[in-house]
Structure formats: C-alpha cells, structure tokens
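**Student:** As input, take upload_12.cif (mmCIF, C-alpha atoms):
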data_entry
#
loop_
_atom_site.label_atom_id
_atom_site.label_comp_id
_atom_site.auth_asym_id
_atom_site.auth_seq_id
_atom_site.Cartn_x
_atom_site.Cartn_y
_atom_site.Cartn_z
CA MET A 1 -19.03 -74.87 20.55
CA LYS A 2 -22.58 -74.45 21.81
CA LYS A 3 -21.50 -71.59 24.05
CA ASP A 4 -19.79 -69.91 21.11
CA LEU A 5 -22.87 -70.26 18.96
CA TYR A 6 -25.04 -68.91 21.77
CA ASN A 7 -22.82 -65.85 22.11
CA TYR A 8 -22.65 -65.38 18.38
CA ILE A 9 -26.45 -65.35 18.12
CA LEU A 10 -26.76 -62.82 20.93
CA GLY A 11 -24.15 -60.67 19.20
CA ILE A 12 -26.48 -60.34 16.22
CA ALA A 13 -29.79 -60.36 18.07
CA ASP A 14 -28.94 -57.74 20.68
CA ASN A 15 -28.37 -55.16 17.95
CA SER A 16 -31.89 -55.71 16.71
CA LEU A 17 -33.43 -55.66 20.18
CA ILE A 18 -31.77 -52.45 21.30
CA LEU A 19 -32.45 -50.65 18.04
CA ALA A 20 -36.08 -51.83 18.16
CA GLN A 21 -36.33 -50.41 21.68
CA ARG A 22 -34.90 -47.06 20.57
CA LEU A 23 -37.31 -46.84 17.64
CA GLY A 24 -40.16 -47.94 19.88
CA GLU A 25 -39.52 -44.91 22.08
CA LEU A 26 -40.64 -42.81 19.11
CA CYS A 27 -44.07 -44.44 18.91
CA GLY A 28 -46.49 -41.53 19.07
CA HIS A 29 -43.64 -39.02 18.83
CA GLY A 30 -42.63 -39.25 15.18
CA PRO A 31 -42.38 -35.99 13.25
CA THR A 32 -45.44 -36.85 11.17
CA LEU A 33 -48.08 -39.54 11.48
CA GLU A 34 -46.72 -41.31 8.41
CA THR A 35 -43.11 -41.33 9.62
CA ASP A 36 -44.25 -42.37 13.07
CA ILE A 37 -45.91 -45.48 11.67
CA ALA A 38 -42.94 -46.21 9.44
CA LEU A 39 -40.50 -46.09 12.36
CA THR A 40 -42.72 -48.28 14.49
CA ASN A 41 -42.98 -50.76 11.61
CA ILE A 42 -39.22 -50.96 11.43
CA SER A 43 -39.07 -51.40 15.19
CA LEU A 44 -41.51 -54.30 15.01
CA ASP A 45 -39.60 -55.92 12.13
CA LEU A 46 -36.46 -55.84 14.25
CA LEU A 47 -38.27 -57.14 17.30
CA GLY A 48 -39.64 -60.04 15.27
CA GLN A 49 -36.14 -60.93 14.14
CA THR A 50 -34.90 -60.65 17.71
CA ARG A 51 -37.50 -63.13 18.87
CA SER A 52 -36.44 -65.71 16.29
CA TYR A 53 -32.82 -65.40 17.39
CA TYR A 54 -33.61 -65.50 21.11
CA GLN A 55 -35.91 -68.49 20.74
CA TYR A 56 -33.08 -70.32 19.04
CA ALA A 57 -30.58 -69.19 21.68
CA ALA A 58 -32.93 -70.23 24.50
CA LYS A 59 -33.17 -73.68 22.99
CA LEU A 60 -29.39 -73.94 22.88
CA ALA A 61 -29.08 -72.76 26.47
CA GLY A 62 -31.54 -75.37 27.76
CA GLU A 63 -32.35 -75.22 31.50
CA ASP A 64 -35.89 -73.96 30.73
CA LYS A 65 -34.51 -70.65 29.55
CA THR A 66 -36.96 -68.57 27.52
CA GLU A 67 -36.63 -65.75 25.03
CA ASP A 68 -37.92 -63.36 27.71
CA ASP A 69 -35.14 -64.34 30.11
CA ILE A 70 -32.62 -63.42 27.47
CA ALA A 71 -34.34 -60.20 26.47
CA PHE A 72 -35.21 -58.85 29.90
CA LEU A 73 -33.12 -60.42 32.62
CA ARG A 74 -29.52 -59.81 31.73
CA ILE A 75 -27.29 -57.17 33.27
CA GLU A 76 -25.89 -54.40 31.11
CA ARG A 77 -22.49 -56.06 30.69
CA ASP A 78 -24.12 -59.12 29.16
CA TYR A 79 -25.71 -57.25 26.26
CA LYS A 80 -23.48 -57.54 23.22
CA ASN A 81 -24.99 -54.88 20.96
CA VAL A 82 -22.75 -52.35 19.22
CA LEU A 83 -22.65 -48.83 20.66
CA LEU A 84 -24.22 -47.38 17.51
CA VAL A 85 -27.69 -48.82 18.10
CA GLU A 86 -27.99 -47.63 21.70
CA GLN A 87 -27.39 -43.96 20.84
CA PRO A 88 -30.33 -41.73 21.76
CA ASN A 89 -32.99 -40.26 19.44
CA THR A 90 -31.52 -36.76 19.76
CA HIS A 91 -33.45 -35.52 16.72
CA PHE A 92 -34.87 -37.02 13.56
CA GLY A 93 -31.52 -36.58 11.78
CA HIS A 94 -29.84 -38.70 14.45
CA VAL A 95 -32.53 -41.35 14.18
CA MET A 96 -32.01 -41.58 10.43
CA ALA A 97 -28.20 -41.43 10.58
CA ARG A 98 -28.13 -44.24 13.14
CA GLN A 99 -30.61 -46.26 11.10
CA PHE A 100 -28.82 -45.70 7.81
CA LEU A 101 -25.37 -46.59 9.18
CA PHE A 102 -26.82 -49.73 10.73
CA ASP A 103 -29.11 -50.77 7.85
CA VAL A 104 -26.34 -50.85 5.27
CA TYR A 105 -24.33 -53.11 7.57
CA HIS A 106 -27.37 -55.17 8.53
CA LEU A 107 -28.33 -55.91 4.94
CA MET A 108 -24.79 -57.00 4.08
CA LEU A 109 -24.78 -59.26 7.15
CA MET A 110 -28.13 -60.85 6.26
CA GLU A 111 -26.96 -61.48 2.69
CA GLN A 112 -23.86 -63.27 3.95
CA LEU A 113 -25.67 -65.11 6.72
CA GLN A 114 -27.71 -66.88 4.05
CA ASN A 115 -24.57 -68.89 3.31
CA SER A 116 -24.13 -70.06 6.89
CA LYS A 117 -23.91 -73.74 7.67
CA ASP A 118 -26.45 -73.26 10.43
CA GLU A 119 -29.91 -73.89 9.01
CA THR A 120 -31.81 -71.87 11.59
CA LEU A 121 -29.66 -68.80 11.01
CA VAL A 122 -30.13 -69.21 7.26
CA ALA A 123 -33.90 -69.32 7.71
CA ILE A 124 -33.92 -66.21 9.90
CA ALA A 125 -31.70 -64.37 7.41
CA LYS A 126 -33.85 -65.32 4.44
CA LYS A 127 -36.94 -64.02 6.14
CA GLY A 128 -35.27 -60.88 7.48
CA ILE A 129 -33.56 -59.83 4.29
CA LYS A 130 -36.69 -58.38 2.69
CA GLU A 131 -37.47 -56.40 5.81
CA VAL A 132 -33.96 -55.07 6.09
CA SER A 133 -33.87 -54.16 2.39
CA TYR A 134 -36.83 -51.91 3.00
CA HIS A 135 -35.27 -50.40 6.14
CA LYS A 136 -32.22 -49.51 4.12
CA ARG A 137 -34.30 -47.99 1.35
CA PHE A 138 -36.25 -45.93 3.87
CA SER A 139 -33.26 -44.61 5.81
CA SER A 140 -31.14 -43.97 2.70
CA ASP A 141 -34.00 -42.00 1.18
CA TRP A 142 -34.25 -39.84 4.24
CA VAL A 143 -30.51 -39.23 4.44
CA LYS A 144 -30.63 -38.11 0.80
CA ARG A 145 -33.73 -35.98 1.28
CA LEU A 146 -32.40 -34.18 4.30
CA GLY A 147 -28.83 -33.93 3.01
CA ASP A 148 -30.00 -32.58 -0.31
CA GLY A 149 -32.87 -30.57 1.19
CA THR A 150 -32.78 -27.16 2.78
CA GLU A 151 -29.76 -25.47 4.29
CA GLU A 152 -31.00 -26.31 7.76
CA SER A 153 -31.78 -29.96 7.01
CA LYS A 154 -28.38 -30.42 5.39
CA GLU A 155 -26.62 -28.96 8.40
CA LYS A 156 -28.54 -31.15 10.83
CA MET A 157 -28.07 -34.29 8.76
CA GLN A 158 -24.34 -33.69 8.47
CA GLU A 159 -24.11 -33.07 12.21
CA ALA A 160 -25.96 -36.34 12.85
CA ILE A 161 -23.75 -38.35 10.49
CA ASN A 162 -20.67 -36.85 12.15
CA ALA A 163 -22.02 -37.71 15.60
CA MET A 164 -22.70 -41.35 14.70
CA TRP A 165 -19.61 -41.92 12.60
CA ARG A 166 -17.30 -42.81 15.47
CA PHE A 167 -19.39 -45.90 16.22
CA THR A 168 -19.22 -47.44 12.74
CA ASP A 169 -15.92 -49.29 12.93
CA GLU A 170 -17.06 -51.45 15.81
CA LEU A 171 -19.54 -53.17 13.50
CA PHE A 172 -16.61 -54.99 11.92
CA ASP A 173 -14.82 -56.18 15.05
CA VAL A 174 -14.57 -59.95 15.34
CA MET A 175 -14.88 -61.29 18.89
CA GLU A 176 -13.10 -64.34 20.26
CA ALA A 177 -16.27 -66.45 20.19
CA ASP A 178 -16.93 -65.40 16.60
CA LYS A 179 -13.59 -66.74 15.39
CA ALA A 180 -14.45 -70.35 16.13
CA MET A 181 -17.84 -69.86 14.50
CA ILE A 182 -16.25 -68.36 11.39
CA GLU A 183 -13.98 -71.38 11.14
CA GLU A 184 -16.98 -73.67 11.40
CA GLY A 185 -18.59 -71.83 8.50
CA ILE A 186 -21.47 -70.69 10.72
CA ALA A 187 -20.57 -67.06 11.36
CA VAL A 188 -19.98 -64.26 8.89
CA ASP A 189 -16.50 -62.77 8.96
CA VAL A 190 -17.68 -59.19 9.31
CA SER A 191 -14.13 -57.82 9.17
CA LYS A 192 -14.15 -58.61 5.46
CA MET A 193 -17.25 -56.47 4.89
CA LYS A 194 -15.65 -53.27 6.09
CA GLU A 195 -14.26 -51.89 2.86
CA THR A 196 -17.43 -52.50 0.86
CA TYR A 197 -19.48 -51.01 3.68
CA TYR A 198 -17.64 -47.71 3.61
CA GLU A 199 -17.87 -47.63 -0.18
CA LYS A 200 -21.63 -48.08 -0.06
CA ILE A 201 -22.03 -45.50 2.69
CA SER A 202 -19.86 -42.98 0.83
CA GLU A 203 -21.83 -43.45 -2.35
CA ILE A 204 -25.11 -42.56 -0.66
CA LEU A 205 -23.59 -39.70 1.34
CA GLU A 206 -22.23 -38.23 -1.88
CA GLU A 207 -25.63 -38.53 -3.48
CA ALA A 208 -27.00 -36.74 -0.43
CA THR A 209 -24.38 -34.00 -1.03
CA LEU A 210 -23.01 -34.70 2.44
CA GLU A 211 -19.40 -35.02 3.42
CA VAL A 212 -17.94 -38.37 4.36
CA PRO A 213 -16.38 -37.78 7.78
CA GLU A 214 -12.69 -38.45 8.14
CA ARG A 215 -11.75 -40.13 11.34
CA LYS A 216 -8.87 -42.22 12.55
CA TYR A 217 -10.11 -43.16 16.01
CA PHE A 218 -13.33 -44.96 16.66
CA THR A 219 -15.26 -45.72 19.84
CA ARG A 220 -15.93 -49.37 20.56
CA GLY A 221 -16.87 -51.60 23.46
CA GLY A 222 -20.48 -52.70 23.04
CA LYS A 223 -19.55 -56.08 21.64
CA LYS A 224 -17.61 -56.70 24.86
CA GLY A 225 -20.48 -55.44 26.99
CA VAL A 226 -18.88 -52.09 27.75
CA HIS A 227 -21.61 -49.64 26.83
CA THR A 228 -22.10 -45.89 26.66
CA GLU A 229 -23.86 -43.98 29.44
CA HIS A 230 -27.15 -44.18 27.53
CA MET A 231 -27.48 -47.93 27.84
CA GLY A 232 -28.46 -48.09 31.52
CA TYR A 233 -31.45 -45.80 31.01
CA LEU A 234 -32.55 -47.75 27.97
CA LEU A 235 -32.40 -51.03 29.88
CA ALA A 236 -34.28 -49.53 32.82
CA ASP A 237 -37.15 -48.82 30.44
CA LEU A 238 -36.86 -52.16 28.69
CA GLN A 239 -36.62 -54.30 31.80
CA TYR A 240 -38.89 -52.44 34.19
CA MET A 241 -41.95 -54.66 33.83
CA GLN A 242 -40.12 -57.97 34.18
CA ARG A 243 -38.06 -56.72 37.11
CA THR A 244 -41.06 -55.30 38.93
CA TYR A 245 -43.47 -58.11 38.19
CA PRO A 246 -41.27 -61.18 37.67
CA ASN A 247 -42.62 -63.71 35.16
CA MET A 248 -45.49 -61.48 34.15
CA THR A 249 -46.96 -62.18 30.73
CA TRP A 250 -49.36 -60.28 28.53
CA MET B 1 -53.97 -24.35 2.34
CA GLY B 2 -51.59 -22.55 4.66
CA ASP B 3 -47.83 -22.45 4.44
CA THR B 4 -46.74 -24.81 1.68
CA LYS B 5 -43.19 -24.75 3.00
CA LYS B 6 -44.25 -26.44 6.19
CA ASN B 7 -47.07 -28.68 5.02
CA TRP B 8 -46.44 -31.58 2.73
CA PRO B 9 -49.06 -31.93 0.01
CA LEU B 10 -51.88 -34.40 0.36
CA TRP B 11 -51.96 -37.63 -1.66
CA GLU B 12 -54.81 -39.99 -2.41
CA ILE B 13 -53.89 -43.63 -1.97
CA PHE B 14 -55.27 -46.49 -4.03
CA VAL B 15 -54.48 -50.07 -3.11
CA ARG B 16 -55.07 -53.27 -5.02
CA SER B 17 -55.66 -55.87 -2.37
CA LYS B 18 -55.34 -58.93 -4.60
CA ASN B 19 -54.27 -59.63 -8.13
CA GLY B 20 -57.32 -59.51 -10.36
CA LEU B 21 -59.15 -56.95 -8.24
CA GLU B 22 -59.17 -53.25 -9.03
CA HIS B 23 -57.32 -50.57 -7.07
CA ARG B 24 -59.58 -49.04 -4.47
CA HIS B 25 -59.36 -45.76 -2.65
CA PHE B 26 -57.94 -46.46 0.81
CA GLY B 27 -57.45 -42.98 2.20
CA SER B 28 -55.09 -40.06 2.01
CA LEU B 29 -51.83 -39.00 3.59
CA HIS B 30 -49.14 -36.36 3.46
CA ALA B 31 -45.83 -36.72 1.66
CA ALA B 32 -43.23 -34.44 0.13
CA ASP B 33 -43.26 -36.19 -3.25
CA ALA B 34 -44.58 -39.24 -5.07
CA GLU B 35 -41.80 -41.54 -3.91
CA MET B 36 -42.35 -40.65 -0.27
CA ALA B 37 -46.09 -41.00 -0.78
CA LEU B 38 -45.55 -44.57 -1.97
CA GLU B 39 -43.37 -45.43 1.02
CA ASN B 40 -45.76 -43.80 3.45
CA ALA B 41 -48.70 -45.59 1.87
CA ARG B 42 -46.84 -48.87 2.18
CA ASP B 43 -46.35 -48.27 5.89
CA VAL B 44 -49.72 -46.75 6.68
CA TYR B 45 -52.04 -48.89 4.56
CA THR B 46 -50.37 -52.20 3.75
CA ARG B 47 -48.51 -53.15 6.94
CA ARG B 48 -51.17 -55.73 7.76
CA ASN B 49 -50.82 -57.43 4.42
CA GLU B 50 -53.64 -55.52 2.73
CA GLY B 51 -52.12 -55.03 -0.67
CA VAL B 52 -50.13 -56.13 -3.68
CA SER B 53 -50.00 -52.82 -5.54
CA ILE B 54 -50.26 -49.12 -4.68
CA TRP B 55 -51.13 -46.05 -6.74
CA VAL B 56 -50.61 -42.56 -5.39
CA VAL B 57 -52.19 -39.45 -6.88
CA GLU B 58 -51.63 -35.97 -5.56
CA SER B 59 -54.99 -34.81 -4.27
CA LYS B 60 -54.87 -31.52 -6.16
CA ASN B 61 -54.98 -33.50 -9.39
CA VAL B 62 -58.33 -34.98 -8.51
CA THR B 63 -61.27 -33.04 -9.90
CA ALA B 64 -64.30 -33.61 -7.73
CA SER B 65 -67.96 -32.90 -8.26
CA ASN B 66 -69.39 -30.07 -6.20
CA PRO B 67 -71.82 -31.17 -3.43
CA GLN B 68 -73.91 -28.08 -4.22
CA ASP B 69 -74.55 -29.49 -7.68
CA ASN B 70 -75.85 -32.78 -6.34
CA GLY B 71 -79.39 -31.90 -7.38
CA GLU B 72 -78.71 -31.58 -11.05
CA MET B 73 -75.89 -34.13 -11.05
CA PHE B 74 -77.50 -37.09 -9.35
CA GLU B 75 -81.17 -36.65 -8.56
CA PRO B 76 -82.44 -37.07 -12.14
CA ALA B 77 -81.13 -40.65 -12.01
CA GLN B 78 -83.14 -41.54 -8.92
CA ASP B 79 -86.47 -42.29 -10.61
CA LYS B 80 -85.16 -44.06 -13.67
CA VAL B 81 -85.24 -47.64 -12.47
CA TYR B 82 -85.62 -48.81 -16.06
CA ARG B 83 -81.93 -48.02 -16.51
CA HIS B 84 -81.10 -51.02 -14.37
CA PRO B 85 -81.06 -54.24 -16.35
CA THR B 86 -83.48 -55.81 -13.88
CA PHE B 87 -86.37 -56.26 -16.28
CA TYR B 88 -84.78 -59.10 -18.15
CA ASP B 89 -84.52 -62.76 -17.32
CA LEU B 90 -80.87 -63.67 -17.26
CA PRO B 91 -79.93 -66.99 -18.79
CA ASP B 92 -78.42 -69.33 -16.21
CA ASP B 93 -75.13 -69.42 -18.11
CA VAL B 94 -74.50 -65.76 -17.38
CA LYS B 95 -72.84 -65.55 -14.05
CA HIS B 96 -71.60 -62.74 -11.86
CA MET B 97 -74.11 -60.11 -12.97
#
Would you mind writing the structure in this file as structure tokens?

**Tutor:**
Amino acid sequence: MKKDLYNYILGIADNSLILAQRLGELCGHGPTLETDIALTNISLDLLGQTRSYYQYAAKLAGEDKTEDDIAFLRIERDYKNVLLVEQPNTHFGHVMARQFLFDVYHLMLMEQLQNSKDETLVAIAKKGIKEVSYHKRFSSDWVKRLGDGTEESKEKMQEAINAMWRFTDELFDVMEADKAMIEEGIAVDVSKMKETYYEKISEILEEATLEVPERKYFTRGGKKGVHTEHMGYLLADLQYMQRTYPNMTW
Amino acid sequence: MGDTKKNWPLWEIFVRSKNGLEHRHFGSLHAADAEMALENARDVYTRRNEGVSIWVVESKNVTASNPQDNGEMFEPAQDKVYRHPTFYDLPDDVKHM
C-alpha cells in the first residue's frame, strides 16, 4: 500500500520535474524577454509542486530519504514521467505544443485530485490548481495566436502539434500500482479523462484554425520507465551537480 | 520605429499593489496586443506578489510633455511657494495631509 502510494506520487511528480527542467533550459533563451520570464515562471511553479510531492514521498519512504535523493539520484528507468514532457525544445512551437497538450491534462488531473482521500495530495492539488490554470491559459493563447497567425506560424504550430500528438495517449494509461490506489479512492482514474481531454484539445485547436491530427498508434513507455533517447541527456544535465559533488547543497 | 511586422508594440504597465492604493506606473514591455500585454505584465511585474490589479496602455496612446518645453511648462511654478497650503495651521483632527 505504501509502496503503491509512493509510486503513484512519483508518477505525478516526475512529469512536473522533467517539464520544469525542459522549461528551465530556456532561461535566458526565450524568444522575447517577456516570454522568457513567463516560461521560467511556469518552470518554477512546476518545480515547487514537484518539491511538495517529493517531500511527501520521501517521508513515506523513510530511511532518511530526502527530496533531493528522489529528484537527483535515480537511474533513468526509475523516472516515471510520460514521454511527452521529456521532448526537446526544438522551437517555440514545440515548447508551446508540449505545454498545451500537458496543461490541459494537468488541470483536469488537479481538479480530480482534489477529491482524493489522501489529505496531502488534496492540499497539493488545491494549491497547484491556480498555477496550472494559468499555465493552460498561457499555452492555449499561444497555440491560438500562432495557429491563427501568419502562414509561417500556422505551419510551424501545426507541425509541432503533429510531432507531439503521438505522445498524448500515454497520459491516460493506468499502471498496476495506480489500480490499487484508484480502488482506495486515493488516485485519479485517468483513463476516464481521455474522452473529455480530446474534446477540450480539439476545441482549442479548432479555434486556432489548426487540424486535429488523426492517429491510431501512439508511443508510450515513460510511465514504465522506458524513455525516449532525449531523456539521458536531460538527466545528465539535471543530475550533474549531485553526481559530481555528492550531498552538495546551495 | 523600425519594422512593425517584427517588433511588437510597446505597452505601459500600471500596477495596483494593494486594494485602496492607486495604480502606479511600473514600467513598459512589448506585446502583440492588450491581452498578451496583460499576461506579460503579470509575469514580468507581479511574479513576486507585487500586485492585485494591472492596467495596460499602449505607449503610443500616451501623450507626453516635451522636455524642450520644460521652461515654460514647469519653471514658473518653482517660485510660487504660496501655492502650497503650508501657511495655515492644520487642526489636529485633520489627518493625512
């Protein structure tokens, strides 16, 4: 039971950590000063949420485990994030497509998590929901702007949505550990969110005058720890300091 | 101001830091339209909890006085101290003057 809860928490938290890391890479490299700050803000929101989850998980794990151990000292196979969030910042369209496809899911998850029987998760969700609402507003606005912008922006935005689309279905996979937690009334049954998710996404894509991709086969694996080739490089960056100078603190 | 296709217009940002206080000029930033200006202002100027309300005004809509006219605009007021209400004794009941 405790092990299941631990894994369930990491399943949610790792998404936030890895996406925060990706957005953090853009610090100082955003297309404009204003967008740069906005992306870094989102990154920090996600990192803050990650910390709350990891602190809770560390407490469950006992054995003097800390949030830093969980964040920095796992091997690639132990990270449970979905493949979507580890995809690289190819161009601004990709950053926004990835963000948009995740934010819509993330907000739905936070809304449902408020009904969990686990008080700590409820508290984290209640605090995070306002942040995530803004993330979704920001990314949806950009998808609409670029989709309904110039010929070039439309083309790039569509290409980005198409590139990210194959990772969306994994968001709704329920893992073995999750099943027990769903039965306990702690976890959200994400498989039930799928239909509404695609409706919401389609609505915004239509408003953005973009096409909703049609696809039968989706790529998955992150939730099982089987990641894309990008993950190793991301972790090298993320873990470097703790691996090189063990137990270092700021 | 250069190529308007590539440069977003400039916006002046006003933030009310607390209910009851007035909006104050905080700075300026670039945005494609008013909605984006609001979002950018939120991220640039209120991320450290500085505000409860934001106004954005496109800079081109602000009419400013010309520094070259400072002589006739402002100097005549410099030697007219009697325009300050400092020559009266304020009753104690009047606060915040």

**Student:** Using all atoms listed in the file, find which residues of chain B lie within 7 Å of chain A and jot them down as a list of chain:residue names.

**Tutor:**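 Going by the stated atoms only, the list reads B:Asn40, B:Asp43, B:Val44.
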
**Student:** Name the residues captured by the PyMOL selection byres ((chain A and resi 2) around 12) when it is applied to the shown file; answer as a PyMOL selection string.

**Tutor:** chain A and resi 1+3-9+56-62+177-178+180-181+184+186

**Student:** Any idea what the distance is between atom CA of A:Asn247 and atom CA of A:Ser43?

**Tutor:** 23.7 Å

**Student:** For the PyMOL selection byres ((chain B and resi 24) around 12), applied here, can you spell out every residue it catches as a PDB file with C-alpha atoms, in the frame of the given file?

**Tutor:**
ATOM      1  CA  GLU B  12     -54.810 -39.990  -2.410  1.00  0.00           C
ATOM      2  CA  ILE B  13     -53.890 -43.630  -1.970  1.00  0.00           C
ATOM      3  CA  PHE B  14     -55.270 -46.490  -4.030  1.00  0.00           C
ATOM      4  CA  VAL B  15     -54.480 -50.070  -3.110  1.00  0.00           C
ATOM      5  CA  ARG B  16     -55.070 -53.270  -5.020  1.00  0.00           C
ATOM      6  CA  SER B  17     -55.660 -55.870  -2.370  1.00  0.00           C
ATOM      7  CA  LYS B  18     -55.340 -58.930  -4.600  1.00  0.00           C
ATOM      8  CA  LEU B  21     -59.150 -56.950  -8.240  1.00  0.00           C
ATOM      9  CA  GLU B  22     -59.170 -53.250  -9.030  1.00  0.00           C
ATOM     10  CA  HIS B  23     -57.320 -50.570  -7.070  1.00  0.00           C
ATOM     11  CA  HIS B  25     -59.360 -45.760  -2.650  1.00  0.00           C
ATOM     12  CA  PHE B  26     -57.940 -46.460   0.810  1.00  0.00           C
ATOM     13  CA  GLY B  27     -57.450 -42.980   2.200  1.00  0.00           C
ATOM     14  CA  SER B  28     -55.090 -40.060   2.010  1.00  0.00           C
ATOM     15  CA  TYR B  45     -52.040 -48.890   4.560  1.00  0.00           C
ATOM     16  CA  GLU B  50     -53.640 -55.520   2.730  1.00  0.00           C
ATOM     17  CA  GLY B  51     -52.120 -55.030  -0.670  1.00  0.00           C
ATOM     18  CA  VAL B  52     -50.130 -56.130  -3.680  1.00  0.00           C
ATOM     19  CA  SER B  53     -50.000 -52.820  -5.540  1.00  0.00           C
ATOM     20  CA  ILE B  54     -50.260 -49.120  -4.680  1.00  0.00           C
ATOM     21  CA  TRP B  55     -51.130 -46.050  -6.740  1.00  0.00           C
ATOM     22  CA  VAL B  56     -50.610 -42.560  -5.390  1.00  0.00           C
TER      23      VAL B  56
END

**Student:** Please write the residues picked by the PyMOL selection byres ((chain A and resi 195) around 12) on this file as a PyMOL selection string.

**Tutor:** chain A and resi 105+108+168-169+171-172+190-194+196-202

**Student:** Atom CA of A:Lys126 and atom CA of A:Ala71, how far apart in Å?

**Tutor:**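 One can read the atom CA of A:Ala71 to atom CA of A:Lys126 distance as 22.6 Å.
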
**Student:** Closest to A:Leu17 among A:Arg243, A:Pro88, A:Leu235, A:Ala123, using only C-alpha atoms?

**Tutor:**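 Answer, going by the shortest atom-to-atom distance: A:Leu235.
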
**Student:** Please return as JSON, numbers by chain every residue within 7 Å of (-31.5, -67.0, 25.6), taking into account all atoms listed in the file and the file's own coordinates.

**Tutor:** {"A": [54, 55, 57, 58, 61, 65, 66, 67, 69, 70]}

**Student:** Quick one, how far is atom CA of A:Val188 from atom CA of A:Gln112?

**Tutor:** 6.4 Å

**Student:** I'd like the contact shell of A:Ile129 - 8 Å cut-off, all atoms listed in the file, skipping same-chain residues fewer than 2 positions apart - returned as a PyMOL selection string.

**Tutor:** chain A and resi 107+110-111+125-127+131-133

**Student:** Would you fill out stretch 112-123 of chain A with N, CA and C atoms and return it as a PDB file, in the coordinates of the input?

**Tutor:**
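Here's the written file result_29.pdb:
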ATOM      1  N   GLN A 112     -24.931 -62.286   3.726  1.00  0.00           N
ATOM      2  CA  GLN A 112     -23.860 -63.270   3.950  1.00  0.00           C
ATOM      3  C   GLN A 112     -24.341 -64.432   4.827  1.00  0.00           C
ATOM      4  N   LEU A 113     -25.206 -64.093   5.767  1.00  0.00           N
ATOM      5  CA  LEU A 113     -25.670 -65.110   6.720  1.00  0.00           C
ATOM      6  C   LEU A 113     -26.470 -66.207   6.007  1.00  0.00           C
ATOM      7  N   GLN A 114     -26.970 -65.877   4.834  1.00  0.00           N
ATOM      8  CA  GLN A 114     -27.710 -66.880   4.050  1.00  0.00           C
ATOM      9  C   GLN A 114     -26.822 -68.044   3.638  1.00  0.00           C
ATOM     10  N   ASN A 115     -25.498 -67.821   3.703  1.00  0.00           N
ATOM     11  CA  ASN A 115     -24.570 -68.890   3.310  1.00  0.00           C
ATOM     12  C   ASN A 115     -24.045 -69.667   4.516  1.00  0.00           C
ATOM     13  N   SER A 116     -24.594 -69.381   5.684  1.00  0.00           N
ATOM     14  CA  SER A 116     -24.130 -70.060   6.890  1.00  0.00           C
ATOM     15  C   SER A 116     -24.421 -71.549   6.831  1.00  0.00           C
ATOM     16  N   LYS A 117     -23.649 -72.298   7.606  1.00  0.00           N
ATOM     17  CA  LYS A 117     -23.910 -73.740   7.670  1.00  0.00           C
ATOM     18  C   LYS A 117     -24.990 -74.068   8.687  1.00  0.00           C
ATOM     19  N   ASP A 118     -25.405 -73.051   9.432  1.00  0.00           N
ATOM     20  CA  ASP A 118     -26.450 -73.260  10.430  1.00  0.00           C
ATOM     21  C   ASP A 118     -27.818 -72.987   9.798  1.00  0.00           C
ATOM     22  N   GLU A 119     -28.638 -74.013   9.729  1.00  0.00           N
ATOM     23  CA  GLU A 119     -29.910 -73.890   9.010  1.00  0.00           C
ATOM     24  C   GLU A 119     -30.862 -72.865   9.613  1.00  0.00           C
ATOM     25  N   THR A 120     -30.894 -72.817  10.942  1.00  0.00           N
ATOM     26  CA  THR A 120     -31.810 -71.870  11.590  1.00  0.00           C
ATOM     27  C   THR A 120     -31.409 -70.431  11.259  1.00  0.00           C
ATOM     28  N   LEU A 121     -30.116 -70.155  11.333  1.00  0.00           N
ATOM     29  CA  LEU A 121     -29.660 -68.800  11.010  1.00  0.00           C
ATOM     30  C   LEU A 121     -29.958 -68.452   9.556  1.00  0.00           C
ATOM     31  N   VAL A 122     -29.818 -69.434   8.678  1.00  0.00           N
ATOM     32  CA  VAL A 122     -30.130 -69.210   7.260  1.00  0.00           C
ATOM     33  C   VAL A 122     -31.604 -68.843   7.110  1.00  0.00           C
ATOM     34  N   ALA A 123     -32.463 -69.578   7.819  1.00  0.00           N
ATOM     35  CA  ALA A 123     -33.900 -69.320   7.710  1.00  0.00           C
ATOM     36  C   ALA A 123     -34.245 -67.917   8.229  1.00  0.00           C
TER      37      ALA A 123
END
